[in-house]
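Source file: upload.csv. Holds: CSV, C-alpha atoms.
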chain,number,residue,atom,x,y,z
M,1,MET,CA,0.0,0.0,0.0
M,2,ASN,CA,1.5,3.3,-1.0
M,3,PHE,CA,1.7,6.5,1.1
M,4,ALA,CA,-1.2,8.3,-0.7
M,5,MET,CA,-3.6,5.4,0.0
M,6,ILE,CA,-2.5,5.3,3.7
M,7,LEU,CA,-3.1,9.1,3.9
M,8,LYS,CA,-6.5,8.7,2.3
M,9,VAL,CA,-7.6,6.0,4.7
M,10,ALA,CA,-6.3,8.0,7.7
M,11,LEU,CA,-8.2,11.1,6.5
M,12,PHE,CA,-11.4,9.1,6.0
M,13,ALA,CA,-11.2,7.7,9.5
M,14,ILE,CA,-10.9,11.2,11.0
M,15,LEU,CA,-13.8,12.6,9.0
M,16,ARG,CA,-16.0,9.6,9.9
M,17,ASN,CA,-16.1,10.9,13.5
M,18,LYS,CA,-16.0,14.7,13.1
M,19,MET,CA,-17.2,15.7,16.5
M,20,ARG,CA,-14.8,13.3,18.3
M,21,SER,CA,-11.9,14.6,16.1
M,22,PHE,CA,-12.8,18.2,16.9
M,23,LEU,CA,-13.0,17.5,20.7
M,24,THR,CA,-9.6,15.7,20.4
M,25,CYS,CA,-8.1,18.9,18.8
M,26,ILE,CA,-9.4,21.2,21.5
M,27,GLY,CA,-6.5,20.5,23.9
M,28,ILE,CA,-3.9,21.3,21.1
M,29,ILE,CA,-5.9,24.4,20.0
M,30,VAL,CA,-6.0,25.8,23.5
M,31,GLY,CA,-2.3,25.0,24.2
M,32,ILE,CA,-1.0,26.5,20.9
M,33,ALA,CA,-3.3,29.6,21.2
M,34,ALA,CA,-2.1,30.2,24.7
M,35,VAL,CA,1.6,30.0,23.6
M,36,ILE,CA,1.1,32.4,20.7
M,37,ALA,CA,-1.0,34.9,22.8
M,38,VAL,CA,1.4,34.8,25.7
M,39,LEU,CA,4.5,35.3,23.6
M,40,ALA,CA,2.9,38.1,21.6
M,41,ILE,CA,1.7,40.0,24.7
M,42,GLY,CA,5.0,39.4,26.5
M,43,LYS,CA,7.1,40.6,23.6
M,44,GLY,CA,4.8,43.6,23.1
M,45,ALA,CA,5.1,44.5,26.8
M,46,SER,CA,8.9,44.3,26.5
M,47,VAL,CA,8.9,46.6,23.5
M,48,MET,CA,6.6,49.0,25.3
M,49,MET,CA,8.8,49.1,28.4
M,50,VAL,CA,12.0,49.6,26.3
M,51,LYS,CA,10.2,52.4,24.4
M,52,GLU,CA,9.2,54.0,27.7
M,53,ILE,CA,12.7,53.7,29.2
M,54,SER,CA,14.2,55.1,26.0
M,55,SER,CA,11.8,58.1,26.1
M,56,MET,CA,13.2,58.9,29.6
M,57,GLY,CA,16.3,60.2,27.9
M,58,ASP,CA,19.7,59.2,26.4
M,59,ASN,CA,22.6,58.3,28.6
M,60,LEU,CA,20.5,59.1,31.7
M,61,VAL,CA,21.5,58.5,35.3
M,62,MET,CA,18.9,59.5,38.0
M,63,ILE,CA,20.0,60.3,41.5
M,64,TRP,CA,17.6,60.5,44.5
M,65,PRO,CA,18.4,61.7,48.0
M,66,GLU,CA,18.2,59.2,50.8
M,67,ARG,CA,14.7,58.0,51.6
M,68,HIS,CA,13.3,59.7,54.7
M,69,ARG,CA,12.8,57.5,57.7
M,70,ARG,CA,9.8,57.7,60.1
M,71,GLY,CA,10.7,55.2,62.8
M,72,GLU,CA,11.1,51.9,61.0
M,73,VAL,CA,9.2,53.1,57.9
M,74,ARG,CA,11.0,54.4,54.9
M,75,THR,CA,9.1,56.8,52.6
M,76,GLY,CA,9.5,57.0,48.8
M,77,MET,CA,12.6,57.9,46.8
M,78,GLY,CA,13.2,61.7,46.8
M,79,SER,CA,11.6,62.3,50.1
M,80,GLY,CA,14.9,63.0,52.0
M,81,GLN,CA,16.6,66.3,52.5
M,82,THR,CA,20.2,65.2,51.7
M,83,MET,CA,20.7,66.6,48.2
M,84,THR,CA,20.7,70.2,47.0
M,85,ALA,CA,20.9,72.1,43.7
M,86,ASP,CA,24.5,73.0,44.6
M,87,ASP,CA,25.3,69.2,44.3
M,88,ALA,CA,24.0,69.3,40.7
M,89,LYS,CA,26.1,72.3,39.9
M,90,ALA,CA,29.2,70.7,41.3
M,91,ILE,CA,28.7,67.5,39.2
M,92,LYS,CA,28.3,69.6,36.1
M,93,ARG,CA,31.3,71.8,36.9
M,94,GLU,CA,33.8,69.1,38.2
M,95,LEU,CA,32.8,66.1,36.0
M,96,SER,CA,32.3,67.9,32.7
M,97,HIS,CA,34.5,65.3,30.9
M,98,LEU,CA,31.9,62.6,31.8
M,99,VAL,CA,28.7,64.6,32.2
M,100,SER,CA,27.1,66.7,29.5
M,101,SER,CA,24.0,68.1,31.4
M,102,VAL,CA,22.5,68.0,34.9
M,103,SER,CA,19.0,69.0,35.9
M,104,PRO,CA,17.9,69.3,39.5
M,105,THR,CA,14.2,68.5,40.0
M,106,VAL,CA,11.9,70.0,42.7
M,107,ASN,CA,8.3,68.6,42.8
M,108,VAL,CA,5.5,70.5,44.4
M,109,SER,CA,1.7,69.7,44.3
M,110,CYS,CA,-0.3,72.8,43.6
M,111,GLN,CA,-3.7,74.1,42.4
M,112,PHE,CA,-3.8,75.5,38.9
M,113,ILE,CA,-6.3,78.2,38.2
M,114,ARG,CA,-7.2,79.7,34.8
M,115,ASN,CA,-10.3,82.0,34.7
M,116,ASN,CA,-13.2,79.9,36.1
M,117,ARG,CA,-11.3,76.6,35.8
M,118,ASN,CA,-9.0,74.9,38.2
M,119,TRP,CA,-7.0,71.7,38.2
M,120,ASN,CA,-4.9,70.1,40.9
M,121,GLY,CA,-1.6,68.8,39.6
M,122,ARG,CA,2.2,68.7,39.9
M,123,VAL,CA,4.7,71.4,39.3
M,124,SER,CA,8.1,70.0,38.4
M,125,GLY,CA,10.9,72.5,38.8
M,126,VAL,CA,13.7,71.7,36.4
M,127,SER,CA,16.7,73.1,34.6
M,128,PHE,CA,16.6,74.9,31.3
M,129,ASP,CA,18.3,71.9,29.5
M,130,TYR,CA,15.8,69.4,30.9
M,131,PRO,CA,14.1,68.8,27.5
M,132,GLU,CA,17.4,67.8,26.0
M,133,ILE,CA,18.2,65.4,28.8
M,134,ARG,CA,14.8,63.7,28.7
M,135,ASN,CA,14.1,63.9,24.9
M,136,TRP,CA,11.0,65.9,25.6
M,137,GLU,CA,10.0,68.3,22.8
M,138,VAL,CA,7.9,71.5,23.1
M,139,SER,CA,5.1,71.4,20.6
M,140,ASN,CA,4.0,75.0,20.9
M,141,GLY,CA,6.0,78.0,22.1
M,142,ARG,CA,9.3,77.4,23.8
M,143,PHE,CA,11.0,76.2,26.9
M,144,PHE,CA,12.4,78.6,29.4
M,145,GLU,CA,16.1,79.7,29.0
M,146,GLU,CA,19.1,79.9,31.3
M,147,HIS,CA,18.7,83.6,32.1
M,148,GLU,CA,15.1,83.0,33.2
M,149,GLU,CA,16.3,80.2,35.4
M,150,ARG,CA,18.9,82.4,37.1
M,151,ALA,CA,16.4,85.3,37.5
M,152,CYS,CA,13.8,83.0,39.1
M,153,SER,CA,11.3,84.1,36.4
M,154,ARG,CA,7.7,83.2,36.8
M,155,VAL,CA,7.4,81.3,33.6
M,156,CYS,CA,6.1,77.8,32.9
M,157,VAL,CA,5.5,75.2,30.3
M,158,ILE,CA,2.4,73.0,30.6
M,159,GLY,CA,1.6,69.4,29.6
M,160,THR,CA,-1.3,68.4,27.3
M,161,THR,CA,-3.5,67.1,30.2
M,162,VAL,CA,-3.3,70.5,32.0
M,163,LEU,CA,-4.0,72.2,28.7
M,164,ALA,CA,-7.1,70.1,28.1
M,165,ASN,CA,-8.5,70.8,31.5
M,166,LEU,CA,-7.8,74.5,31.8
M,167,TYR,CA,-8.2,75.9,28.3
M,168,GLU,CA,-10.9,75.9,25.7
M,169,ASP,CA,-10.5,73.7,22.6
M,170,GLY,CA,-8.3,75.4,20.1
M,171,GLU,CA,-7.2,78.2,22.5
M,172,ASN,CA,-3.5,79.1,22.4
M,173,PRO,CA,-2.2,79.1,26.0
M,174,VAL,CA,1.1,80.7,25.1
M,175,GLY,CA,1.3,84.2,26.6
M,176,THR,CA,-1.6,83.6,29.0
M,177,ILE,CA,-1.4,83.9,32.8
M,178,LEU,CA,-1.8,80.7,34.9
M,179,ARG,CA,-2.1,81.0,38.6
M,180,ILE,CA,-0.1,78.3,40.4
M,181,GLY,CA,-1.2,78.3,44.0
M,182,SER,CA,-1.5,82.0,44.7
M,183,MET,CA,1.3,83.1,42.3
M,184,PRO,CA,0.7,84.2,38.7
M,185,PHE,CA,2.9,82.5,36.0
M,186,ARG,CA,3.2,83.2,32.3
M,187,VAL,CA,2.8,80.2,30.1
M,188,ILE,CA,5.5,80.2,27.4
M,189,GLY,CA,5.1,76.7,25.9
M,190,VAL,CA,3.2,73.4,25.6
M,191,LEU,CA,5.0,70.1,26.0
M,192,SER,CA,4.5,67.4,23.4
M,193,SER,CA,2.4,64.4,24.7
M,194,LYS,CA,4.2,61.5,26.2
M,195,GLY,CA,1.2,59.5,27.4
M,196,ALA,CA,1.0,57.3,30.4
M,197,THR,CA,3.8,55.2,31.9
M,198,GLY,CA,3.6,51.4,32.2
M,199,TRP,CA,2.5,51.9,35.8
M,200,GLY,CA,-0.3,54.3,34.9
M,201,GLN,CA,1.1,57.7,35.7
M,202,ASP,CA,0.0,60.4,33.3
M,203,GLN,CA,3.3,62.1,32.2
M,204,ASP,CA,1.3,64.9,30.5
M,205,ASP,CA,-0.4,66.0,33.8
M,206,ILE,CA,2.5,68.3,34.6
M,207,VAL,CA,3.6,72.0,34.7
M,208,MET,CA,7.3,72.7,34.4
M,209,ALA,CA,9.0,75.8,35.7
M,210,PRO,CA,12.6,76.8,36.6
M,211,TYR,CA,13.7,74.9,39.7
M,212,THR,CA,14.9,78.1,41.2
M,213,THR,CA,11.5,79.6,40.9
M,214,THR,CA,9.8,76.5,42.2
M,215,SER,CA,12.1,76.2,45.2
M,216,ARG,CA,12.0,79.9,46.2
M,217,ILE,CA,8.4,80.9,45.4
M,218,LEU,CA,6.3,77.8,45.5
M,219,GLN,CA,8.2,75.7,48.0
M,220,ARG,CA,9.6,78.7,49.9
M,221,SER,CA,12.7,76.6,50.7
M,222,LYS,CA,15.9,78.3,51.9
M,223,PHE,CA,17.8,75.0,52.1
M,224,LYS,CA,17.6,74.5,48.3
M,225,ALA,CA,16.8,70.8,48.8
M,226,ILE,CA,15.8,68.9,45.6
M,227,ASN,CA,13.8,65.7,45.0
M,228,MET,CA,16.1,64.2,42.4
M,229,MET,CA,18.6,65.1,39.7
M,230,ASN,CA,18.8,63.9,36.1
M,231,VAL,CA,22.3,63.5,34.8
M,232,SER,CA,23.0,63.1,31.1
M,233,LEU,CA,26.3,61.4,30.4
M,234,VAL,CA,28.6,62.1,27.5
M,235,SER,CA,28.7,58.4,26.6
M,236,MET,CA,27.1,55.2,28.1
M,237,ASP,CA,30.5,53.5,27.5
M,238,ASP,CA,31.7,55.4,30.6
M,239,LEU,CA,28.7,54.5,32.7
M,240,GLU,CA,30.4,52.7,35.5
M,241,GLU,CA,33.2,55.2,35.7
M,242,SER,CA,30.7,58.1,35.7
M,243,LYS,CA,28.7,56.5,38.5
M,244,ARG,CA,31.9,56.0,40.6
M,245,GLU,CA,33.0,59.6,40.1
M,246,ILE,CA,29.5,61.0,40.9
M,247,THR,CA,29.3,58.8,44.0
M,248,ALA,CA,32.8,59.9,45.2
M,249,LEU,CA,32.0,63.6,44.6
M,250,LEU,CA,28.6,63.5,46.4
M,251,ARG,CA,30.1,61.5,49.3
M,252,GLN,CA,32.9,64.2,49.6
M,253,ARG,CA,30.4,67.1,49.5
M,254,HIS,CA,28.1,65.4,52.1
M,255,GLN,CA,31.2,64.7,54.3
M,256,LEU,CA,30.4,61.0,54.6
M,257,ALA,CA,33.0,58.8,56.5
M,258,ASP,CA,34.2,55.6,54.9
M,259,TYR,CA,32.0,53.5,57.3
M,260,GLN,CA,28.8,55.5,56.4
M,261,ASP,CA,26.4,54.4,53.7
M,262,ASN,CA,25.5,56.7,50.8
M,263,ASP,CA,22.8,59.2,51.6
M,264,PHE,CA,21.6,59.1,48.0
M,265,GLU,CA,20.5,56.4,45.5
M,266,THR,CA,21.4,56.1,41.8
M,267,ARG,CA,19.6,54.4,38.9
M,268,ASP,CA,20.4,54.3,35.3
M,269,THR,CA,18.3,53.3,32.3
M,270,THR,CA,20.4,50.2,31.6
M,271,GLU,CA,19.8,49.0,35.1
M,272,ILE,CA,16.0,49.6,34.8
M,273,MET,CA,15.8,47.9,31.4
M,274,ASN,CA,17.7,44.9,32.7
M,275,THR,CA,15.3,44.6,35.6
M,276,ILE,CA,12.3,44.9,33.4
M,277,GLY,CA,13.7,42.4,30.9
M,278,SER,CA,14.4,39.9,33.7
M,279,VAL,CA,10.8,40.3,35.1
M,280,SER,CA,9.3,40.1,31.6
M,281,GLY,CA,11.4,37.1,30.7
M,282,LEU,CA,10.4,35.3,33.9
M,283,MET,CA,6.7,36.0,33.4
M,284,THR,CA,6.9,34.8,29.8
M,285,VAL,CA,8.6,31.5,30.9
M,286,LEU,CA,6.0,30.9,33.6
M,287,LEU,CA,3.1,31.6,31.3
M,288,THR,CA,4.6,29.5,28.5
M,289,ALA,CA,5.0,26.6,31.0
M,290,VAL,CA,1.3,26.8,31.8
M,291,ALA,CA,0.6,26.8,28.0
M,292,ALA,CA,2.9,23.8,27.6
M,293,ILE,CA,0.9,21.9,30.2
M,294,SER,CA,-2.2,22.5,28.0
M,295,LEU,CA,-0.3,21.0,25.1
M,296,LEU,CA,0.7,18.0,27.2
M,297,VAL,CA,-3.0,17.5,28.2
M,298,GLY,CA,-3.9,17.8,24.5
M,299,GLY,CA,-1.3,15.2,23.6
M,300,ILE,CA,-2.6,12.8,26.3
M,301,GLY,CA,-6.1,13.4,24.9
M,302,ILE,CA,-4.9,12.4,21.4
M,303,MET,CA,-3.3,9.2,22.8
M,304,ASN,CA,-6.5,8.3,24.7
M,305,ILE,CA,-8.7,8.8,21.6
M,306,MET,CA,-6.3,6.9,19.4
M,307,LEU,CA,-6.3,4.0,21.8
M,308,VAL,CA,-10.1,4.0,21.8
M,309,SER,CA,-10.0,4.2,18.0
M,310,VAL,CA,-7.7,1.1,17.8
M,311,THR,CA,-10.1,-0.8,20.0
M,312,GLU,CA,-13.1,0.1,18.0
M,313,ARG,CA,-11.4,-0.7,14.7
M,314,ILE,CA,-9.8,-4.1,15.5
M,315,LYS,CA,-11.9,-5.9,12.9
M,316,GLU,CA,-11.0,-3.3,10.3
M,317,ILE,CA,-7.3,-3.7,11.1
M,318,GLY,CA,-7.6,-7.5,10.9
M,319,LEU,CA,-9.4,-7.3,7.5
M,320,ARG,CA,-6.8,-4.9,6.1
M,321,MET,CA,-4.0,-7.2,7.2
M,322,ALA,CA,-5.8,-10.2,5.7
M,323,ILE,CA,-5.8,-8.6,2.3
M,324,GLY,CA,-2.2,-7.6,2.4
M,325,ALA,CA,-1.6,-4.5,4.6
M,326,THR,CA,1.7,-4.7,6.3
M,327,PRO,CA,2.3,-3.8,10.0
M,328,ALA,CA,4.3,-0.8,8.8
M,329,ALA,CA,1.2,0.4,6.8
M,330,ILE,CA,-1.0,0.0,9.9
M,331,LEU,CA,1.6,1.8,12.0
M,332,TRP,CA,1.8,4.8,9.6
M,333,GLN,CA,-2.0,5.0,9.2
M,334,PHE,CA,-2.6,5.6,12.9
M,335,ILE,CA,0.5,7.9,13.2
M,336,LEU,CA,-0.8,10.0,10.3
M,337,GLU,CA,-4.2,10.2,12.0
M,338,ALA,CA,-2.7,11.5,15.2
M,339,VAL,CA,-0.4,13.9,13.3
M,340,MET,CA,-3.3,15.3,11.2
M,341,LEU,CA,-5.4,15.8,14.3
M,342,SER,CA,-2.6,17.7,16.1
M,343,THR,CA,-1.5,19.6,13.0
M,344,VAL,CA,-5.0,20.8,12.2
M,345,GLY,CA,-5.3,21.7,15.9
M,346,GLY,CA,-2.0,23.5,15.8
M,347,ALA,CA,-3.0,25.5,12.7
M,348,VAL,CA,-6.3,26.5,14.3
M,349,GLY,CA,-4.5,27.3,17.6
M,350,VAL,CA,-2.1,29.6,15.8
M,351,ALA,CA,-5.0,31.5,14.2
M,352,VAL,CA,-6.9,31.7,17.5
M,353,GLY,CA,-3.8,32.8,19.4
M,354,ILE,CA,-3.1,35.6,16.9
M,355,GLY,CA,-6.7,36.7,17.1
M,356,THR,CA,-6.8,36.6,20.9
M,357,ALA,CA,-3.5,38.5,21.2
M,358,HIS,CA,-4.9,41.3,18.8
M,359,ALA,CA,-8.2,41.4,20.7
M,360,ILE,CA,-6.4,41.8,24.1
M,361,GLY,CA,-4.2,44.5,22.5
M,362,GLU,CA,-7.2,46.4,21.2
M,363,ILE,CA,-9.1,46.2,24.5
M,364,GLN,CA,-6.1,47.0,26.8
M,365,HIS,CA,-4.4,49.3,24.3
M,366,TRP,CA,-1.2,47.2,24.5
M,367,PRO,CA,1.3,46.8,21.7
M,368,ILE,CA,1.3,43.2,20.3
M,369,VAL,CA,4.4,41.7,18.6
M,370,ILE,CA,3.8,38.4,16.8
M,371,GLU,CA,7.0,36.8,15.5
M,372,ALA,CA,6.7,34.5,12.6
M,373,SER,CA,9.2,32.1,14.3
M,374,SER,CA,6.9,31.6,17.3
M,375,ALA,CA,4.0,30.7,15.0
M,376,ILE,CA,6.1,28.3,12.9
M,377,TRP,CA,7.7,26.6,15.9
M,378,SER,CA,4.3,26.2,17.6
M,379,PHE,CA,2.9,24.6,14.4
M,380,VAL,CA,5.9,22.3,14.2
M,381,PHE,CA,5.7,21.4,17.9
M,382,SER,CA,2.0,20.5,17.5
M,383,SER,CA,2.9,18.0,14.8
M,384,PHE,CA,5.6,16.6,17.0
M,385,VAL,CA,3.1,16.2,19.9
M,386,GLY,CA,0.8,14.2,17.5
M,387,MET,CA,3.6,12.0,16.4
M,388,PHE,CA,4.9,11.4,20.0
M,389,PHE,CA,1.6,10.7,21.6
M,390,GLY,CA,0.2,8.8,18.6
M,391,PHE,CA,3.1,6.4,18.3
M,392,TYR,CA,2.1,4.0,21.1
M,393,PRO,CA,-1.5,3.5,19.8
M,394,ALA,CA,-0.2,3.1,16.3
M,395,TYR,CA,2.5,0.6,17.4
M,396,ARG,CA,-0.1,-1.3,19.4
M,397,ALA,CA,-2.3,-1.5,16.3
M,398,SER,CA,0.5,-2.7,14.1
M,399,LYS,CA,1.3,-5.6,16.5
M,400,LEU,CA,-2.2,-7.1,16.4
M,401,ASN,CA,-2.7,-10.6,15.1
M,402,PRO,CA,-5.0,-10.5,12.1
M,403,ILE,CA,-6.6,-13.9,13.0
M,404,ASP,CA,-7.4,-12.6,16.5
M,405,CYS,CA,-8.7,-9.3,15.0
M,406,LEU,CA,-11.1,-11.2,12.7
M,407,ARG,CA,-12.4,-13.2,15.6
M,408,TYR,CA,-12.9,-10.1,17.8
M,409,GLU,CA,-16.5,-9.3,18.8
Rendering of file as structure tokens:
Amino acid sequence: MNFAMILKVALFAILRNKMRSFLTCIGIIVGIAAVIAVLAIGKGASVMMVKEISSMGDNLVMIWPERHRRGEVRTGMGSGQTMTADDAKAIKRELSHLVSSVSPTVNVSCQFIRNNRNWNGRVSGVSFDYPEIRNWEVSNGRFFEEHEERACSRVCVIGTTVLANLYEDGENPVGTILRIGSMPFRVIGVLSSKGATGWGQDQDDIVMAPYTTTSRILQRSKFKAINMMNVSLVSMDDLEESKREITALLRQRHQLADYQDNDFETRDTTEIMNTIGSVSGLMTVLLTAVAAISLLVGGIGIMNIMLVSVTERIKEIGLRMAIGATPAAILWQFILEAVMLSTVGGAVGVAVGIGTAHAIGEIQHWPIVIEASSAIWSFVFSSFVGMFFGFYPAYRASKLNPIDCLRYE
């Protein structure tokens, strides 16, 4: 019996019990669909995180003062009072061969008032070169300049969320007066939209002003304490050296003894991306393992159904052997049946997985990245599952005695 005839007989046997064949494929469909969807969502999440981290700025190192302690409780980063704007100036002045720009940051929560509208939000006091450090463009107007920073000018740049809540549609805010707390500020620009972060924070719900103005007028601080500083390096190739030099300089300025811990914390984008990559990779592995269990269950289902099929078709097997079918032909017939079931299930599973991933992406507004290699390997693996789990029933059928099969009731 040639291969074409064996394939035809196997296909006829599958179509003879359509519902049972479909139910047999369910396990494979669910497993493959889960693998495709999980990998697509996981890869998309990684791409989104990398994009968000990249949008934070090039060659960026962030430095926070020591977390403030209340008894045994440590508050969030930036809550301490151990770092000042003079520290940022010293880093820029003394490490100019490693550092291109430094921006102190002073955060203050304030009420914004414009005519009969008001909005509660965050004022971020930064340096004039902050947009360059953070790759943040101004879509309308301009950012404040160095002389305005030195003069503590009451100028500000607003985010698109603040614009939408305080101004009429189509109204140009540039040149208008915005009251921040009880102080009038002149709006000189509108920041381009950056959207929400991966943890849900709206980056556009912000007003930026010179840190000197924010500290002196809004915060009324004489100590010049800052909440953090953003340091842009000349090159990420010198990252470790730069962090060592910055640490040594800050320890010297803060007069820390050798036995004392740093009273500040540093983070860089590479460190953040590595952490996110590790977490994302771990979650993908765990979810893929769950999906693999579904494939295992599907494979066991194929084996179970094929064993039942062999038992039901003992007389048919005996008759085919009696008219010349070899054990090898019987073996390949049942293997092909199992492979066809798993392959069809795999193809449907790939389609369902892609559809599910896109549906989740549309609902949750997540980026979805489907790699052709994952779909191909899932399809190939489903065929392997059918061959692996279908071999024992096929082997068992090929070893049956034709005389016993013909006598079977």
**Message:** Under the rule that only C-alpha atoms are counted, which of M:Val344, M:Ile63, M:Ile330, M:Ala40 is the nearest residue to Phe264 of chain M?
**Reply:**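 Closest to Phe264 of chain M of all the choices is M:Ile63.
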**Asked** Mind pulling up the distance from atom CA of Ser278 of chain M to atom CA of Thr266 of chain M?
**Response** 19.4 Å
**Residues near segment 214-228 of chain M, cut-off 7 Å, all atoms listed in the file, skip fewer than 6 positions along chain, as a count of residues only** = 15
**Atomic distance atom CA of Pro210 of chain M - atom CA of Asn140 of chain M, expressed in Å with one decimal** =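 According to the coordinates, atom CA of Pro210 of chain M and atom CA of Asn140 of chain M are separated by 18.0 Å.
Atom CA of Gly159 of chain M lies 5.0 Å from atom CA of Leu191 of chain M.
Distances here use all atoms listed in the file; by that measure, the residue among M:Thr160, M:Ser242, M:Gln255, M:Ser309 closest to Gln333 of chain M is M:Ser309.
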**Request:** Please provide the set of residues having any atom within 8 Å of segment 362-371 of chain M, restricted to all atoms listed in the file, with same-chain residues fewer than 6 positions apart removed, written as a ChimeraX atom specification.
**Result:** /M:36,39-41,43-45,47-48,354
**Message:** Considering only C-alpha atoms, can you say which of M:Ala375, M:Val190, M:Tyr130, M:Glu265 comes closest to Val352 of chain M?
**Reply:** M:Ala375
**Request:** Please tell me which residues are no farther than 6 Å from (1.4, -1.4, 14.5) in the file, counting all atoms listed in the file, and write them as a list in words.
**Result:**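 Applying the cut-off with all atoms listed in the file, one gets Pro327, Ile330, Leu331, Ala394, Tyr395, Arg396, Ala397, Ser398 and Lys399 of chain M.
Minimum distance to Ser21 of chain M across M:Ser109, M:Thr213, M:Ser342, M:Asn59 (counting only C-alpha atoms) occurs at M:Ser342.
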**Prompt:** Quick one: of M:Asn115, M:Gln203, M:Ser235, M:Ser294, who's nearest to Thr176 of chain M, counting only C-alpha atoms?
**Reply:**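 Looking at the shortest contact to Thr176 of chain M, the residue is M:Asn115.
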Taking all atoms of segment 351-358 of chain M that the file lists and extending 3 Å past them on each side, where is the centre of the axis-aligned box and how long are its edges? Answer in Å to one decimal, as lines of an AutoDock Vina configuration file.
center_x = -5.0
center_y = 36.4
center_z = 17.7
size_x = 9.8
size_y = 15.8
size_z = 13.0
**Fill in**
For Asp129 of chain M, the closest of M:Arg142, M:Arg117, M:Lys18, M:His97 counting only C-alpha atoms is M:Arg142
